[in-house]
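Undergrad: Supplied in structure tokens, the structure appears directly below.
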Amino acid sequence: MASSMPDENLRSVVRMSELMLDLANRGDEHRQDAGCGAVYGALRDMAYKIRAIAEKELERHKAGARGSAGKSAVSARAPSGATGMTMSKTKRILVVDDEPDVVTFLATLFQDNGYEVVTAGDGVDAFRLAKSESPDLITLDMSMPEQSGVRTFRDLKADPVLARIPVIIVTGIGEPMRGFLEKIKKAPEPEGFIAKPIDKAELLQLVQKLTA
């Protein structure tokens with residue numbers, strides 16, 4: 001029982017950050033007041049960072065638990081002559097978007113459908129996490145601070161290791177962005193393209209196809 005307490009506490013932190021995000025979103029009606037806008041903006045940023053840290057720590061705990069379970073299962077099967085079959089790995093998705101509401105929407109959608117999720121709020125962080133987390137798929141917004149999605153996409157596809165990761169472009173710009181991406185030199189065509197507002201069924205079908 002004691003070993004489960006850290007995870008339960010982390011899940012409480014995630015729930016708390018969601019409440020903070022909800023409070024910040026409800027405070028948007030006061031954005032015309034510079035002081036209030038600053039308060040709710042800071043609250044949103046803090047909630048997003050807290051949730052990302054807690055979720056990453058939960059993933060680390062789950063990975064450790066899966067590793068221990070896998071070793072136990074192999075040991076238990078060994079005496080009876082194992083067939084060599086291994087359990088399928090849970091697919092990991094890197095969600096890249098600077099809008100916290102979109103990140104929450106996509107992360108919840110993917111987690112509810114059995115995927116692990118890592119999140120990034122800008123292109124620089126996305127490239128770093130793609131290197132360290134080795135995701136099976138990346139959803140990438142085009143309009144972001146620090147580094148644009150276009151530049152991030154080109155950097156991902158220029159890297160000999162990361163180029164294998166399928167990328168789904170998620171953007172509110174729609175067809176004009178698709179046409180623009182098709183004309184980009186020195187970069188292949190994205191493996192997928194989803195326009196905002198996002199169709200859940202269409203996105204999940206595409207994700208399943210690209211991670212199969």
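Every chain in the structure tokens has a letter given in the order shown (A, B, ...), and although residue numbers restart at 1 in each chain, ligands are simply numbered from 1 in the order shown.
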At a cut-off of 10 Å, using only C-alpha atoms, what residues contact Ala107 of chain A? Leave out same-chain residues fewer than 3 positions from it and give the result as a PyMOL selection string.

TA: chain A and resi 93-95+101-104+110-113+115-119

Undergrad: Please produce an output containing N, CA and C atoms for each residue in the selection, written as a short mmCIF file (atom, residue, chain, number, x, y, z; two decimals), in the first residue's frame.

TA:
data_model
loop_
_atom_site.label_atom_id
_atom_site.label_comp_id
_atom_site.auth_asym_id
_atom_site.auth_seq_id
_atom_site.Cartn_x
_atom_site.Cartn_y
_atom_site.Cartn_z
N ILE A 93 3.14 9.23 -27.52
CA ILE A 93 2.91 10.35 -28.43
C ILE A 93 3.43 11.64 -27.80
N LEU A 94 4.17 12.39 -28.59
CA LEU A 94 4.64 13.72 -28.18
C LEU A 94 3.68 14.76 -28.75
N VAL A 95 2.97 15.46 -27.87
CA VAL A 95 2.03 16.50 -28.27
C VAL A 95 2.72 17.85 -28.17
N ASP A 101 -5.01 24.62 -23.60
CA ASP A 101 -6.29 23.93 -23.78
C ASP A 101 -6.19 22.84 -24.84
N VAL A 102 -5.44 23.11 -25.89
CA VAL A 102 -5.27 22.10 -26.95
C VAL A 102 -4.42 20.94 -26.43
N VAL A 103 -3.39 21.26 -25.68
CA VAL A 103 -2.54 20.22 -25.09
C VAL A 103 -3.37 19.32 -24.19
N THR A 104 -4.21 19.94 -23.34
CA THR A 104 -5.06 19.15 -22.45
C THR A 104 -6.02 18.28 -23.24
N PHE A 110 -5.68 11.04 -26.09
CA PHE A 110 -4.74 9.95 -26.32
C PHE A 110 -4.63 9.03 -25.11
N GLN A 111 -4.58 9.61 -23.92
CA GLN A 111 -4.47 8.79 -22.71
C GLN A 111 -5.71 7.93 -22.52
N ASP A 112 -6.87 8.49 -22.81
CA ASP A 112 -8.12 7.73 -22.69
C ASP A 112 -8.18 6.57 -23.67
N ASN A 113 -7.36 6.64 -24.72
CA ASN A 113 -7.34 5.57 -25.73
C ASN A 113 -6.08 4.72 -25.65
N TYR A 115 -2.75 5.47 -24.96
CA TYR A 115 -1.41 5.94 -25.34
C TYR A 115 -0.72 6.65 -24.18
N GLU A 116 0.60 6.59 -24.16
CA GLU A 116 1.36 7.43 -23.25
C GLU A 116 1.56 8.79 -23.92
N VAL A 117 1.62 9.84 -23.12
CA VAL A 117 1.71 11.18 -23.69
C VAL A 117 2.83 11.98 -23.04
N VAL A 118 3.60 12.66 -23.87
CA VAL A 118 4.59 13.63 -23.44
C VAL A 118 4.21 14.94 -24.12
N THR A 119 4.36 16.08 -23.44
CA THR A 119 3.92 17.34 -24.02
C THR A 119 5.04 18.36 -24.10
#

Undergrad: Give me the residues within 12 Å of Pro197 of chain A as a list of chain:residue names, counting only C-alpha atoms and dropping any in the same chain fewer than 4 places off.

TA: A:Val102, A:Phe105, A:Leu106, A:Val170, A:Thr171, A:Gly172, A:Ile173, A:Gly174, A:Glu202, A:Leu203

Undergrad: Give me, please, the distance in Å between atom CA of Lys89 of chain A and atom CA of Ala54 of chain A, quoted to one decimal.

TA: 22.0 Å

Undergrad: What is the distance, in Å and to one decimal place, between atom CA of Glu18 of chain A and atom CA of Gly121 of chain A?

TA: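 Atom CA of Glu18 of chain A sits 16.4 Å away from atom CA of Gly121 of chain A.
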
Undergrad: At a cut-off of 10 Å, using only C-alpha atoms, what residues contact Asn25 of chain A? Leave out same-chain residues fewer than 4 positions from it and give the result as a PyMOL selection string.

TA: chain A and resi 19-21+29+40-41+43-44+100-101

Undergrad: Can you write out the residues you just picked, keeping N, CA and C atoms, as a compact mmCIF listing (two decimals), in the first residue's frame?

TA:
# COMPACT_ATOMS: atom_id res chain seq x y z
N LEU A 19 -7.54 21.88 -12.08
CA LEU A 19 -8.42 22.87 -11.44
C LEU A 19 -7.86 24.28 -11.60
N MET A 20 -6.55 24.40 -11.53
CA MET A 20 -5.91 25.70 -11.73
C MET A 20 -6.13 26.20 -13.15
N LEU A 21 -6.01 25.28 -14.13
CA LEU A 21 -6.25 25.65 -15.52
C LEU A 21 -7.70 26.08 -15.74
N GLU A 29 -12.44 36.10 -18.84
CA GLU A 29 -13.41 37.17 -19.07
C GLU A 29 -12.94 38.49 -18.47
N TYR A 40 -4.17 35.66 -14.07
CA TYR A 40 -4.67 34.42 -14.66
C TYR A 40 -3.68 33.85 -15.67
N GLY A 41 -2.93 34.72 -16.34
CA GLY A 41 -1.90 34.23 -17.25
C GLY A 41 -0.81 33.49 -16.50
N LEU A 43 -1.16 32.08 -13.58
CA LEU A 43 -1.77 30.86 -13.04
C LEU A 43 -1.79 29.77 -14.09
N ARG A 44 -2.15 30.13 -15.32
CA ARG A 44 -2.20 29.14 -16.41
C ARG A 44 -0.81 28.57 -16.68
N PRO A 100 -2.40 25.70 -24.00
CA PRO A 100 -2.64 24.71 -22.95
C PRO A 100 -3.95 23.93 -23.13
N ASP A 101 -5.01 24.62 -23.60
CA ASP A 101 -6.29 23.93 -23.78
C ASP A 101 -6.19 22.84 -24.84

Undergrad: With only C-alpha atoms as the basis for distance, which of A:Lys157, A:Arg164, A:Thr152, A:Asp98 is at the shortest distance from Ser134 of chain A?

TA: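 Under the stated criterion, the closest residue is A:Arg164.
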
Undergrad: Quick one, how far is atom CA of Ala47 of chain A from atom CA of Leu10 of chain A?

TA: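 The value is 13.6 Å.
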
Undergrad: Just the residues within 9 Å of Val167 of chain A, please, counting only C-alpha atoms, with nothing from its chain fewer than 6 positions along; format it as a list in words.

TA: Leu137, Ile138, Thr139, Leu140, Phe153, Pro190, Glu191, Gly192, Phe193 and Leu210 of chain A
